[in-house]
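Asks: Please find final_7.cif (mmCIF, N, CA and C atoms) on the next line:
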data_final
loop_
_atom_site.label_atom_id
_atom_site.label_comp_id
_atom_site.auth_asym_id
_atom_site.auth_seq_id
_atom_site.Cartn_x
_atom_site.Cartn_y
_atom_site.Cartn_z
N VAL U 13 -14.84 15.11 2.77
CA VAL U 13 -14.26 15.00 4.10
C VAL U 13 -14.17 13.52 4.46
N VAL U 14 -12.99 13.11 4.91
CA VAL U 14 -12.77 11.73 5.34
C VAL U 14 -12.11 11.79 6.71
N GLU U 15 -12.57 10.97 7.64
CA GLU U 15 -11.99 10.93 8.97
C GLU U 15 -11.38 9.56 9.23
N GLN U 16 -10.32 9.56 10.04
CA GLN U 16 -9.63 8.31 10.37
C GLN U 16 -9.07 8.42 11.78
N ARG U 17 -9.32 7.41 12.60
CA ARG U 17 -8.69 7.32 13.92
C ARG U 17 -7.40 6.51 13.74
N ILE U 18 -6.33 7.02 14.36
CA ILE U 18 -5.02 6.39 14.22
C ILE U 18 -4.45 6.14 15.61
N ALA U 19 -4.01 4.93 15.85
CA ALA U 19 -3.47 4.54 17.16
C ALA U 19 -2.01 4.98 17.28
N ALA U 20 -1.81 6.28 17.19
CA ALA U 20 -0.49 6.90 17.32
C ALA U 20 -0.72 8.37 17.63
N PRO U 21 0.22 9.01 18.30
CA PRO U 21 0.06 10.44 18.61
C PRO U 21 0.23 11.30 17.36
N PRO U 22 -0.31 12.52 17.37
CA PRO U 22 -0.16 13.42 16.22
C PRO U 22 1.28 13.64 15.78
N SER U 23 2.23 13.62 16.69
CA SER U 23 3.63 13.85 16.31
C SER U 23 4.14 12.77 15.36
N ILE U 24 3.66 11.55 15.52
CA ILE U 24 4.04 10.45 14.62
C ILE U 24 3.30 10.59 13.30
N VAL U 25 1.99 10.82 13.35
CA VAL U 25 1.19 10.93 12.14
C VAL U 25 1.70 12.07 11.26
N TYR U 26 2.04 13.18 11.87
CA TYR U 26 2.55 14.35 11.14
C TYR U 26 3.76 13.97 10.28
N ARG U 27 4.63 13.15 10.82
CA ARG U 27 5.82 12.73 10.07
C ARG U 27 5.45 11.95 8.81
N TYR U 28 4.37 11.14 8.87
CA TYR U 28 3.93 10.37 7.71
C TYR U 28 3.31 11.25 6.63
N LEU U 29 3.01 12.50 6.98
CA LEU U 29 2.45 13.46 6.02
C LEU U 29 3.49 14.43 5.48
N THR U 30 4.69 14.44 6.07
CA THR U 30 5.67 15.45 5.70
C THR U 30 7.04 14.89 5.32
N GLU U 31 7.29 13.61 5.55
CA GLU U 31 8.58 13.02 5.23
C GLU U 31 8.41 12.02 4.08
N PRO U 32 9.18 12.19 3.00
CA PRO U 32 8.99 11.34 1.82
C PRO U 32 9.10 9.84 2.09
N GLU U 33 10.08 9.42 2.87
CA GLU U 33 10.24 7.98 3.11
C GLU U 33 9.04 7.41 3.87
N LYS U 34 8.46 8.18 4.74
CA LYS U 34 7.29 7.72 5.48
C LYS U 34 6.03 7.78 4.61
N TRP U 35 5.91 8.81 3.76
CA TRP U 35 4.75 8.90 2.87
C TRP U 35 4.68 7.65 1.98
N LYS U 36 5.83 7.23 1.46
CA LYS U 36 5.85 6.09 0.54
C LYS U 36 5.40 4.79 1.20
N VAL U 37 5.47 4.70 2.50
CA VAL U 37 5.04 3.49 3.20
C VAL U 37 3.53 3.27 3.03
N TRP U 38 2.76 4.34 3.00
CA TRP U 38 1.30 4.20 2.97
C TRP U 38 0.66 4.60 1.65
N GLN U 39 1.34 5.43 0.85
CA GLN U 39 0.76 5.84 -0.43
C GLN U 39 1.85 6.14 -1.44
N GLY U 40 1.89 5.37 -2.49
CA GLY U 40 2.81 5.65 -3.57
C GLY U 40 4.11 4.89 -3.49
N VAL U 41 4.89 5.03 -4.56
CA VAL U 41 6.18 4.37 -4.66
C VAL U 41 7.33 5.37 -4.69
N ASP U 42 6.99 6.64 -4.84
CA ASP U 42 8.01 7.68 -4.80
C ASP U 42 7.35 8.95 -4.29
N ALA U 43 8.12 9.78 -3.60
CA ALA U 43 7.59 11.04 -3.09
C ALA U 43 8.72 12.05 -2.97
N GLU U 44 8.40 13.27 -3.35
CA GLU U 44 9.28 14.41 -3.12
C GLU U 44 8.47 15.40 -2.31
N LEU U 45 8.84 15.58 -1.07
CA LEU U 45 8.10 16.46 -0.16
C LEU U 45 9.08 17.46 0.45
N ASP U 46 8.85 18.72 0.19
CA ASP U 46 9.62 19.80 0.82
C ASP U 46 8.64 20.52 1.73
N ALA U 47 8.50 19.99 2.95
CA ALA U 47 7.43 20.39 3.86
C ALA U 47 7.68 21.76 4.49
N ARG U 48 7.43 22.78 3.67
CA ARG U 48 7.47 24.17 4.11
C ARG U 48 6.54 24.92 3.16
N PRO U 49 5.96 26.04 3.60
CA PRO U 49 5.08 26.78 2.69
C PRO U 49 5.79 27.11 1.38
N GLY U 50 5.15 26.74 0.27
CA GLY U 50 5.72 26.94 -1.05
C GLY U 50 6.58 25.78 -1.52
N GLY U 51 6.88 24.83 -0.63
CA GLY U 51 7.70 23.68 -0.98
C GLY U 51 6.95 22.69 -1.84
N VAL U 52 7.68 21.92 -2.62
CA VAL U 52 7.07 20.97 -3.55
C VAL U 52 6.40 19.82 -2.81
N PHE U 53 5.25 19.42 -3.35
CA PHE U 53 4.56 18.19 -2.96
C PHE U 53 4.42 17.39 -4.24
N SER U 54 5.02 16.21 -4.28
CA SER U 54 4.92 15.36 -5.46
C SER U 54 5.01 13.92 -5.02
N MET U 55 4.07 13.10 -5.48
CA MET U 55 4.14 11.67 -5.18
C MET U 55 3.67 10.88 -6.38
N VAL U 56 4.26 9.69 -6.54
CA VAL U 56 3.93 8.81 -7.65
C VAL U 56 3.27 7.56 -7.09
N MET U 57 2.09 7.27 -7.62
CA MET U 57 1.33 6.10 -7.20
C MET U 57 1.95 4.83 -7.81
N GLY U 58 1.54 3.68 -7.29
CA GLY U 58 2.01 2.41 -7.82
C GLY U 58 1.66 2.20 -9.28
N ASN U 59 0.58 2.84 -9.74
CA ASN U 59 0.16 2.71 -11.13
C ASN U 59 0.85 3.74 -12.03
N GLY U 60 1.79 4.52 -11.46
CA GLY U 60 2.54 5.49 -12.24
C GLY U 60 1.96 6.89 -12.27
N MET U 61 0.75 7.06 -11.77
CA MET U 61 0.16 8.40 -11.77
C MET U 61 0.89 9.29 -10.77
N ASN U 62 1.08 10.56 -11.16
CA ASN U 62 1.84 11.52 -10.37
C ASN U 62 0.92 12.65 -9.90
N ALA U 63 0.79 12.79 -8.58
CA ALA U 63 0.07 13.92 -8.00
C ALA U 63 1.10 14.98 -7.63
N ARG U 64 0.77 16.23 -7.96
CA ARG U 64 1.75 17.29 -7.74
C ARG U 64 1.05 18.55 -7.27
N GLY U 65 1.74 19.29 -6.40
CA GLY U 65 1.26 20.58 -5.91
C GLY U 65 2.34 21.19 -5.06
N GLN U 66 1.90 21.94 -4.05
CA GLN U 66 2.87 22.52 -3.12
C GLN U 66 2.25 22.64 -1.74
N PHE U 67 3.12 22.65 -0.76
CA PHE U 67 2.66 22.84 0.61
C PHE U 67 2.23 24.30 0.79
N VAL U 68 1.14 24.48 1.51
CA VAL U 68 0.57 25.81 1.73
C VAL U 68 0.76 26.24 3.18
N GLU U 69 0.42 25.34 4.10
CA GLU U 69 0.50 25.67 5.52
C GLU U 69 0.86 24.42 6.31
N LEU U 70 1.72 24.59 7.29
CA LEU U 70 2.10 23.49 8.17
C LEU U 70 2.15 24.01 9.61
N VAL U 71 1.44 23.32 10.47
CA VAL U 71 1.52 23.57 11.91
C VAL U 71 1.94 22.23 12.50
N PRO U 72 3.18 22.13 12.97
CA PRO U 72 3.67 20.83 13.43
C PRO U 72 2.69 20.11 14.36
N ASN U 73 2.43 18.85 14.01
CA ASN U 73 1.60 17.93 14.80
C ASN U 73 0.12 18.31 14.83
N GLU U 74 -0.29 19.32 14.02
CA GLU U 74 -1.69 19.76 14.03
C GLU U 74 -2.32 19.88 12.65
N LEU U 75 -1.56 20.37 11.67
CA LEU U 75 -2.18 20.72 10.39
C LEU U 75 -1.17 20.62 9.26
N VAL U 76 -1.62 20.03 8.14
CA VAL U 76 -0.85 20.01 6.90
C VAL U 76 -1.82 20.37 5.78
N VAL U 77 -1.48 21.42 5.02
CA VAL U 77 -2.30 21.83 3.89
C VAL U 77 -1.40 21.87 2.65
N PHE U 78 -1.86 21.22 1.57
CA PHE U 78 -1.10 21.23 0.32
C PHE U 78 -2.07 21.25 -0.85
N THR U 79 -1.57 21.75 -1.98
CA THR U 79 -2.38 21.68 -3.19
C THR U 79 -2.12 20.33 -3.86
N TRP U 80 -3.06 19.92 -4.72
CA TRP U 80 -3.04 18.57 -5.27
C TRP U 80 -3.64 18.58 -6.67
N GLY U 81 -3.09 17.79 -7.52
CA GLY U 81 -3.66 17.56 -8.85
C GLY U 81 -2.79 16.55 -9.59
N TRP U 82 -3.31 16.04 -10.69
CA TRP U 82 -2.63 14.98 -11.43
C TRP U 82 -1.85 15.54 -12.60
N VAL U 83 -0.60 15.11 -12.73
CA VAL U 83 0.25 15.50 -13.84
C VAL U 83 -0.27 14.85 -15.12
N ASP U 84 -0.72 13.63 -15.03
CA ASP U 84 -1.00 12.81 -16.21
C ASP U 84 -2.46 12.41 -16.36
N ARG U 85 -3.36 13.18 -15.75
CA ARG U 85 -4.78 12.84 -15.85
C ARG U 85 -5.58 14.12 -15.93
N PRO U 86 -6.38 14.29 -16.98
CA PRO U 86 -7.20 15.49 -17.05
C PRO U 86 -8.26 15.48 -15.94
N GLY U 87 -8.81 16.63 -15.67
CA GLY U 87 -9.87 16.71 -14.67
C GLY U 87 -9.44 17.45 -13.42
N ILE U 88 -8.24 17.14 -12.93
CA ILE U 88 -7.69 17.84 -11.76
C ILE U 88 -6.22 18.14 -12.08
N PRO U 89 -5.94 19.30 -12.68
CA PRO U 89 -4.55 19.64 -13.00
C PRO U 89 -3.71 19.83 -11.74
N PRO U 90 -2.39 19.70 -11.85
CA PRO U 90 -1.51 19.88 -10.69
C PRO U 90 -1.81 21.18 -9.95
N GLY U 91 -1.93 21.06 -8.63
CA GLY U 91 -2.11 22.23 -7.78
C GLY U 91 -3.48 22.87 -7.82
N SER U 92 -4.45 22.27 -8.49
CA SER U 92 -5.76 22.91 -8.67
C SER U 92 -6.74 22.67 -7.53
N THR U 93 -6.45 21.71 -6.64
CA THR U 93 -7.32 21.46 -5.50
C THR U 93 -6.48 21.60 -4.23
N THR U 94 -7.14 21.65 -3.10
CA THR U 94 -6.44 21.81 -1.82
C THR U 94 -6.84 20.69 -0.88
N VAL U 95 -5.84 20.08 -0.25
CA VAL U 95 -6.04 19.03 0.74
C VAL U 95 -5.62 19.60 2.10
N GLU U 96 -6.56 19.56 3.05
CA GLU U 96 -6.29 20.01 4.41
C GLU U 96 -6.40 18.81 5.34
N VAL U 97 -5.33 18.56 6.10
CA VAL U 97 -5.32 17.43 7.03
C VAL U 97 -5.14 17.99 8.44
N LYS U 98 -6.18 17.81 9.25
CA LYS U 98 -6.12 18.25 10.65
C LYS U 98 -5.86 17.04 11.54
N LEU U 99 -4.99 17.22 12.52
CA LEU U 99 -4.66 16.17 13.48
C LEU U 99 -5.06 16.65 14.87
N ALA U 100 -5.83 15.84 15.57
CA ALA U 100 -6.25 16.18 16.92
C ALA U 100 -5.95 15.01 17.84
N ALA U 101 -5.26 15.30 18.94
CA ALA U 101 -4.96 14.25 19.91
C ALA U 101 -6.25 13.83 20.60
N ASP U 102 -6.37 12.52 20.82
CA ASP U 102 -7.48 11.94 21.57
C ASP U 102 -6.88 10.82 22.42
N GLY U 103 -6.47 11.17 23.63
CA GLY U 103 -5.72 10.22 24.45
C GLY U 103 -4.39 9.94 23.77
N ASN U 104 -4.07 8.68 23.55
CA ASN U 104 -2.84 8.31 22.84
C ASN U 104 -3.03 8.21 21.33
N ASP U 105 -4.25 8.44 20.87
CA ASP U 105 -4.59 8.32 19.44
C ASP U 105 -4.62 9.70 18.78
N THR U 106 -4.80 9.66 17.47
CA THR U 106 -5.00 10.86 16.66
C THR U 106 -6.30 10.72 15.91
N LEU U 107 -7.10 11.77 15.93
CA LEU U 107 -8.25 11.86 15.05
C LEU U 107 -7.83 12.72 13.87
N LEU U 108 -7.78 12.12 12.70
CA LEU U 108 -7.37 12.80 11.48
C LEU U 108 -8.61 13.15 10.69
N THR U 109 -8.70 14.40 10.26
CA THR U 109 -9.79 14.84 9.39
C THR U 109 -9.18 15.43 8.13
N LEU U 110 -9.46 14.79 7.00
CA LEU U 110 -8.96 15.24 5.71
C LEU U 110 -10.10 15.87 4.93
N THR U 111 -9.90 17.09 4.49
CA THR U 111 -10.88 17.80 3.66
C THR U 111 -10.21 18.13 2.34
N HIS U 112 -10.80 17.63 1.25
CA HIS U 112 -10.27 17.89 -0.09
C HIS U 112 -11.20 18.89 -0.75
N ARG U 113 -10.68 20.09 -1.00
CA ARG U 113 -11.49 21.20 -1.50
C ARG U 113 -11.24 21.46 -2.99
N LEU U 114 -12.24 22.08 -3.62
CA LEU U 114 -12.18 22.53 -5.01
C LEU U 114 -12.14 21.37 -6.01
N VAL U 115 -12.60 20.20 -5.60
CA VAL U 115 -12.64 19.04 -6.50
C VAL U 115 -13.86 19.17 -7.41
N PRO U 116 -13.67 19.08 -8.72
CA PRO U 116 -14.82 19.12 -9.62
C PRO U 116 -15.81 18.00 -9.28
N ASP U 117 -17.10 18.29 -9.46
CA ASP U 117 -18.14 17.32 -9.10
C ASP U 117 -17.91 15.96 -9.75
N ASP U 118 -17.48 15.95 -11.02
CA ASP U 118 -17.31 14.67 -11.71
C ASP U 118 -16.06 13.91 -11.27
N GLU U 119 -15.23 14.50 -10.42
CA GLU U 119 -14.03 13.84 -9.89
C GLU U 119 -14.17 13.49 -8.40
N ALA U 120 -15.20 14.00 -7.75
CA ALA U 120 -15.33 13.86 -6.29
C ALA U 120 -15.37 12.41 -5.83
N ALA U 121 -16.13 11.56 -6.51
CA ALA U 121 -16.26 10.16 -6.09
C ALA U 121 -14.91 9.44 -6.17
N LEU U 122 -14.13 9.72 -7.20
CA LEU U 122 -12.82 9.08 -7.33
C LEU U 122 -11.86 9.53 -6.23
N GLN U 123 -11.89 10.82 -5.91
CA GLN U 123 -11.02 11.32 -4.85
C GLN U 123 -11.43 10.73 -3.50
N GLN U 124 -12.73 10.68 -3.26
CA GLN U 124 -13.25 10.09 -2.01
C GLN U 124 -12.81 8.63 -1.90
N MET U 125 -12.93 7.89 -3.00
CA MET U 125 -12.54 6.48 -2.99
C MET U 125 -11.04 6.35 -2.70
N GLY U 126 -10.24 7.22 -3.29
CA GLY U 126 -8.80 7.16 -3.06
C GLY U 126 -8.43 7.43 -1.61
N TRP U 127 -8.95 8.51 -1.03
CA TRP U 127 -8.62 8.82 0.37
C TRP U 127 -9.18 7.75 1.31
N THR U 128 -10.34 7.22 1.01
CA THR U 128 -10.93 6.17 1.85
C THR U 128 -10.08 4.90 1.80
N HIS U 129 -9.41 4.68 0.69
CA HIS U 129 -8.49 3.54 0.56
C HIS U 129 -7.18 3.80 1.30
N TYR U 130 -6.62 5.00 1.15
CA TYR U 130 -5.27 5.25 1.65
C TYR U 130 -5.18 5.64 3.12
N LEU U 131 -6.19 6.30 3.67
CA LEU U 131 -6.06 6.68 5.08
C LEU U 131 -6.00 5.49 6.04
N PRO U 132 -6.72 4.40 5.82
CA PRO U 132 -6.51 3.23 6.68
C PRO U 132 -5.08 2.67 6.57
N ARG U 133 -4.47 2.80 5.40
CA ARG U 133 -3.08 2.37 5.24
C ARG U 133 -2.16 3.27 6.06
N LEU U 134 -2.46 4.58 6.08
CA LEU U 134 -1.71 5.51 6.92
C LEU U 134 -1.86 5.11 8.39
N ALA U 135 -3.07 4.74 8.79
CA ALA U 135 -3.32 4.35 10.18
C ALA U 135 -2.47 3.14 10.57
N VAL U 136 -2.37 2.17 9.70
CA VAL U 136 -1.56 0.97 9.97
C VAL U 136 -0.09 1.36 10.10
N ALA U 137 0.41 2.15 9.14
CA ALA U 137 1.82 2.52 9.15
C ALA U 137 2.18 3.36 10.37
N ALA U 138 1.38 4.38 10.68
CA ALA U 138 1.69 5.27 11.80
C ALA U 138 1.62 4.55 13.14
N ALA U 139 0.81 3.49 13.20
CA ALA U 139 0.70 2.71 14.43
C ALA U 139 1.83 1.68 14.55
N GLY U 140 2.74 1.66 13.58
CA GLY U 140 3.89 0.76 13.65
C GLY U 140 3.75 -0.50 12.84
N GLY U 141 2.65 -0.64 12.11
CA GLY U 141 2.43 -1.83 11.29
C GLY U 141 2.96 -1.65 9.88
N VAL U 142 2.79 -2.68 9.08
CA VAL U 142 3.19 -2.66 7.69
C VAL U 142 1.93 -2.88 6.86
N PRO U 143 1.52 -1.87 6.08
CA PRO U 143 0.33 -2.04 5.24
C PRO U 143 0.53 -3.16 4.22
N GLU U 144 -0.56 -3.80 3.86
CA GLU U 144 -0.52 -4.83 2.81
C GLU U 144 0.02 -4.21 1.52
N PRO U 145 0.55 -5.00 0.62
CA PRO U 145 0.95 -4.44 -0.68
C PRO U 145 -0.23 -3.70 -1.29
N ASP U 146 0.05 -2.57 -1.90
CA ASP U 146 -1.02 -1.69 -2.39
C ASP U 146 -1.55 -2.15 -3.75
N SER U 147 -2.82 -2.44 -3.78
CA SER U 147 -3.49 -2.81 -5.03
C SER U 147 -4.21 -1.61 -5.62
N GLY U 148 -4.14 -0.47 -4.92
CA GLY U 148 -4.82 0.75 -5.39
C GLY U 148 -6.27 0.78 -4.96
N PRO U 149 -6.88 1.94 -5.02
CA PRO U 149 -8.29 2.04 -4.62
C PRO U 149 -9.21 1.37 -5.63
N GLY U 150 -10.33 0.92 -5.12
CA GLY U 150 -11.37 0.35 -5.98
C GLY U 150 -10.97 -0.99 -6.48
#
Have the structure of the file written as structure tokens, please.
Replies:
Amino acid sequence: VVEQRIAAPPSIVYRYLTEPEKWKVWQGVDAELDARPGGVFSMVMGNGMNARGQFVELVPNELVVFTWGWVDRPGIPPGSTTVEVKLAADGNDTLLTLTHRLVPDDEAALQQMGWTHYLPRLAVAAAGGVPEPDSGPG
């Protein structure tokens, strides 16, 4: 579980989780997002790694759930884990809570490090800023 406060309303943050052009601003260099239940979730990191799954549940401005896994890395196959992102309004801000489920124990630290690296970048982008060039987690 990773939490992040974002200086933007949930309606803005939601767009950064469901629109490919906005996703690429904070994580990755390419994204294919079909934000509907059963729709494709695919993004390519700056290092070429491809995470792939599908959207499971979407509640506009409140919740995004998708499956996640790596196309090119053993340990977490495509769609084998679930990422749940809850958005809660707090004044003009959003409290984001990301829960990554079904992650194998030997992969948990890497996933935690990745989300801890990328969610602050999401916070910068959703608040109207431009994240620094991405050097990747760790």
Asks: Check what the PyMOL selection byres ((chain U and resi 106-113) around 7) selects in the file above and give those residues as a VMD selection string.
Replies: chain U and resid 13 to 22 92 to 105 114 to 116
Asks: For N, CA and C atoms, I'd like the residues from the last selection saved as a tab-separated table (two decimals), in the frame of the given file.
Replies:
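Result written to part-v5.tsv:
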chain	number	residue	atom	x	y	z
U	13	VAL	N	-14.84	15.11	2.77
U	13	VAL	CA	-14.26	15.00	4.10
U	13	VAL	C	-14.17	13.52	4.46
U	14	VAL	N	-12.99	13.11	4.91
U	14	VAL	CA	-12.77	11.73	5.34
U	14	VAL	C	-12.11	11.79	6.71
U	15	GLU	N	-12.57	10.97	7.64
U	15	GLU	CA	-11.99	10.93	8.97
U	15	GLU	C	-11.38	9.56	9.23
U	16	GLN	N	-10.32	9.56	10.04
U	16	GLN	CA	-9.63	8.31	10.37
U	16	GLN	C	-9.07	8.42	11.78
U	17	ARG	N	-9.32	7.41	12.60
U	17	ARG	CA	-8.69	7.32	13.92
U	17	ARG	C	-7.40	6.51	13.74
U	18	ILE	N	-6.33	7.02	14.36
U	18	ILE	CA	-5.02	6.39	14.22
U	18	ILE	C	-4.45	6.14	15.61
U	19	ALA	N	-4.01	4.93	15.85
U	19	ALA	CA	-3.47	4.54	17.16
U	19	ALA	C	-2.01	4.98	17.28
U	20	ALA	N	-1.81	6.28	17.19
U	20	ALA	CA	-0.49	6.90	17.32
U	20	ALA	C	-0.72	8.37	17.63
U	21	PRO	N	0.22	9.01	18.30
U	21	PRO	CA	0.06	10.44	18.61
U	21	PRO	C	0.23	11.30	17.36
U	22	PRO	N	-0.31	12.52	17.37
U	22	PRO	CA	-0.16	13.42	16.22
U	22	PRO	C	1.28	13.64	15.78
U	92	SER	N	-4.45	22.27	-8.49
U	92	SER	CA	-5.76	22.91	-8.67
U	92	SER	C	-6.74	22.67	-7.53
U	93	THR	N	-6.45	21.71	-6.64
U	93	THR	CA	-7.32	21.46	-5.50
U	93	THR	C	-6.48	21.60	-4.23
U	94	THR	N	-7.14	21.65	-3.10
U	94	THR	CA	-6.44	21.81	-1.82
U	94	THR	C	-6.84	20.69	-0.88
U	95	VAL	N	-5.84	20.08	-0.25
U	95	VAL	CA	-6.04	19.03	0.74
U	95	VAL	C	-5.62	19.60	2.10
U	96	GLU	N	-6.56	19.56	3.05
U	96	GLU	CA	-6.29	20.01	4.41
U	96	GLU	C	-6.40	18.81	5.34
U	97	VAL	N	-5.33	18.56	6.10
U	97	VAL	CA	-5.32	17.43	7.03
U	97	VAL	C	-5.14	17.99	8.44
U	98	LYS	N	-6.18	17.81	9.25
U	98	LYS	CA	-6.12	18.25	10.65
U	98	LYS	C	-5.86	17.04	11.54
U	99	LEU	N	-4.99	17.22	12.52
U	99	LEU	CA	-4.66	16.17	13.48
U	99	LEU	C	-5.06	16.65	14.87
U	100	ALA	N	-5.83	15.84	15.57
U	100	ALA	CA	-6.25	16.18	16.92
U	100	ALA	C	-5.95	15.01	17.84
U	101	ALA	N	-5.26	15.30	18.94
U	101	ALA	CA	-4.96	14.25	19.91
U	101	ALA	C	-6.25	13.83	20.60
U	102	ASP	N	-6.37	12.52	20.82
U	102	ASP	CA	-7.48	11.94	21.57
U	102	ASP	C	-6.88	10.82	22.42
U	103	GLY	N	-6.47	11.17	23.63
U	103	GLY	CA	-5.72	10.22	24.45
U	103	GLY	C	-4.39	9.94	23.77
U	104	ASN	N	-4.07	8.68	23.55
U	104	ASN	CA	-2.84	8.31	22.84
U	104	ASN	C	-3.03	8.21	21.33
U	105	ASP	N	-4.25	8.44	20.87
U	105	ASP	CA	-4.59	8.32	19.44
U	105	ASP	C	-4.62	9.70	18.78
U	114	LEU	N	-12.24	22.08	-3.62
U	114	LEU	CA	-12.18	22.53	-5.01
U	114	LEU	C	-12.14	21.37	-6.01
U	115	VAL	N	-12.60	20.20	-5.60
U	115	VAL	CA	-12.64	19.04	-6.50
U	115	VAL	C	-13.86	19.17	-7.41
U	116	PRO	N	-13.67	19.08	-8.72
U	116	PRO	CA	-14.82	19.12	-9.62
U	116	PRO	C	-15.81	18.00	-9.28
Asks: So which residues fall inside 8 Å of (7.3, 26.3, 2.5) if we count all atoms listed in the file? Mind giving them as a PDB file with N, CA and C atoms, in the coordinates of the input?
Replies:
ATOM      1  N   ASP U  46       8.850  18.720   0.190  1.00  0.00           N
ATOM      2  CA  ASP U  46       9.620  19.800   0.820  1.00  0.00           C
ATOM      3  C   ASP U  46       8.640  20.520   1.730  1.00  0.00           C
ATOM      4  N   ALA U  47       8.500  19.990   2.950  1.00  0.00           N
ATOM      5  CA  ALA U  47       7.430  20.390   3.860  1.00  0.00           C
ATOM      6  C   ALA U  47       7.680  21.760   4.490  1.00  0.00           C
ATOM      7  N   ARG U  48       7.430  22.780   3.670  1.00  0.00           N
ATOM      8  CA  ARG U  48       7.470  24.170   4.110  1.00  0.00           C
ATOM      9  C   ARG U  48       6.540  24.920   3.160  1.00  0.00           C
ATOM     10  N   PRO U  49       5.960  26.040   3.600  1.00  0.00           N
ATOM     11  CA  PRO U  49       5.080  26.780   2.690  1.00  0.00           C
ATOM     12  C   PRO U  49       5.790  27.110   1.380  1.00  0.00           C
ATOM     13  N   GLY U  50       5.150  26.740   0.270  1.00  0.00           N
ATOM     14  CA  GLY U  50       5.720  26.940  -1.050  1.00  0.00           C
ATOM     15  C   GLY U  50       6.580  25.780  -1.520  1.00  0.00           C
ATOM     16  N   GLY U  51       6.880  24.830  -0.630  1.00  0.00           N
ATOM     17  CA  GLY U  51       7.700  23.680  -0.980  1.00  0.00           C
ATOM     18  C   GLY U  51       6.950  22.690  -1.840  1.00  0.00           C
ATOM     19  N   VAL U  52       7.680  21.920  -2.620  1.00  0.00           N
ATOM     20  CA  VAL U  52       7.070  20.970  -3.550  1.00  0.00           C
ATOM     21  C   VAL U  52       6.400  19.820  -2.810  1.00  0.00           C
ATOM     22  N   GLN U  66       1.900  21.940  -4.050  1.00  0.00           N
ATOM     23  CA  GLN U  66       2.870  22.520  -3.120  1.00  0.00           C
ATOM     24  C   GLN U  66       2.250  22.640  -1.740  1.00  0.00           C
ATOM     25  N   PHE U  67       3.120  22.650  -0.760  1.00  0.00           N
ATOM     26  CA  PHE U  67       2.660  22.840   0.610  1.00  0.00           C
ATOM     27  C   PHE U  67       2.230  24.300   0.790  1.00  0.00           C
ATOM     28  N   VAL U  68       1.140  24.480   1.510  1.00  0.00           N
ATOM     29  CA  VAL U  68       0.570  25.810   1.730  1.00  0.00           C
ATOM     30  C   VAL U  68       0.760  26.240   3.180  1.00  0.00           C
ATOM     31  N   GLU U  69       0.420  25.340   4.100  1.00  0.00           N
ATOM     32  CA  GLU U  69       0.500  25.670   5.520  1.00  0.00           C
ATOM     33  C   GLU U  69       0.860  24.420   6.310  1.00  0.00           C
ATOM     34  N   LEU U  70       1.720  24.590   7.290  1.00  0.00           N
ATOM     35  CA  LEU U  70       2.100  23.490   8.170  1.00  0.00           C
ATOM     36  C   LEU U  70       2.150  24.010   9.610  1.00  0.00           C
TER      37      LEU U  70
END
Asks: Evaluated on this file, the PyMOL selection byres ((chain U and resi 85-90) around 8) picks out some residues - which ones are they, written as a PyMOL selection string?
Replies: chain U and resi 61-66+79-84+91-93+115-116+118-119
Asks: Extract the full set of strand (DSSP E) residues from chain U according to DSSP on the backbone, and format it as a ChimeraX atom specification.
Replies: /U:14-18,42-45,52-56,62-71,75-80,93-102,105-113
Asks: Please measure the separation of atom C of Gly140 (chain U) and atom N of Leu122 (chain U), giving the value in Å to one decimal.
Replies: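 Atom-to-atom, atom C of Gly140 (chain U) and atom N of Leu122 (chain U) are spaced 28.7 Å apart.
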Asks: Just checking: using only C-alpha atoms, which residue out of U:Met55, U:Ile24, U:Val142, U:Ala121 ends up closest to Lys36 (chain U)?
Replies: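 Smallest distance to Lys36 (chain U) is found for U:Met55.
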Asks: Taking the DSSP secondary structure from the backbone, can you list the residues of region 31-130 of chain U that are helix (DSSP H, G or I), as number ranges by chain?
Replies: U: 32-38, 117-130
Asks: Return the single residue from U:Val25, U:Ala137, U:Gly60, U:Phe53 that is closest to Val41 (chain U), with distances computed using all atoms listed in the file.
Replies: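 That would be U:Gly60, the residue with the smallest distance to Val41 (chain U).
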Asks: Would you give the centre and edge lengths, in Å to one decimal, of a box along x, y and z around the listed atoms of region 81-88 of chain U, with 4 Å added to each side, as JSON?
Replies:
{"center_x": -4.8, "center_y": 15.3, "center_z": -12.3, "size_x": 18.1, "size_y": 13.7, "size_z": 17.5}
Asks: Measure the distance from atom C of Met125 (chain U) to CA of Glu31 (chain U) in Å and round it to one decimal.
Replies: 22.2 Å
Asks: Atom C of Ser54 (chain U) and atom N of Pro32 (chain U), how far apart in Å?
Replies: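 We find that atom N of Pro32 (chain U) and atom C of Ser54 (chain U) lie 9.2 Å from each other.
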Asks: Apply the PyMOL selection byres (((chain U and resi 73 and name CA) around 7) and name CA) to the file shown and report the selected residues as a VMD selection string.
Replies: chain U and resid 22 to 23 26 71 to 72 74 to 75 99
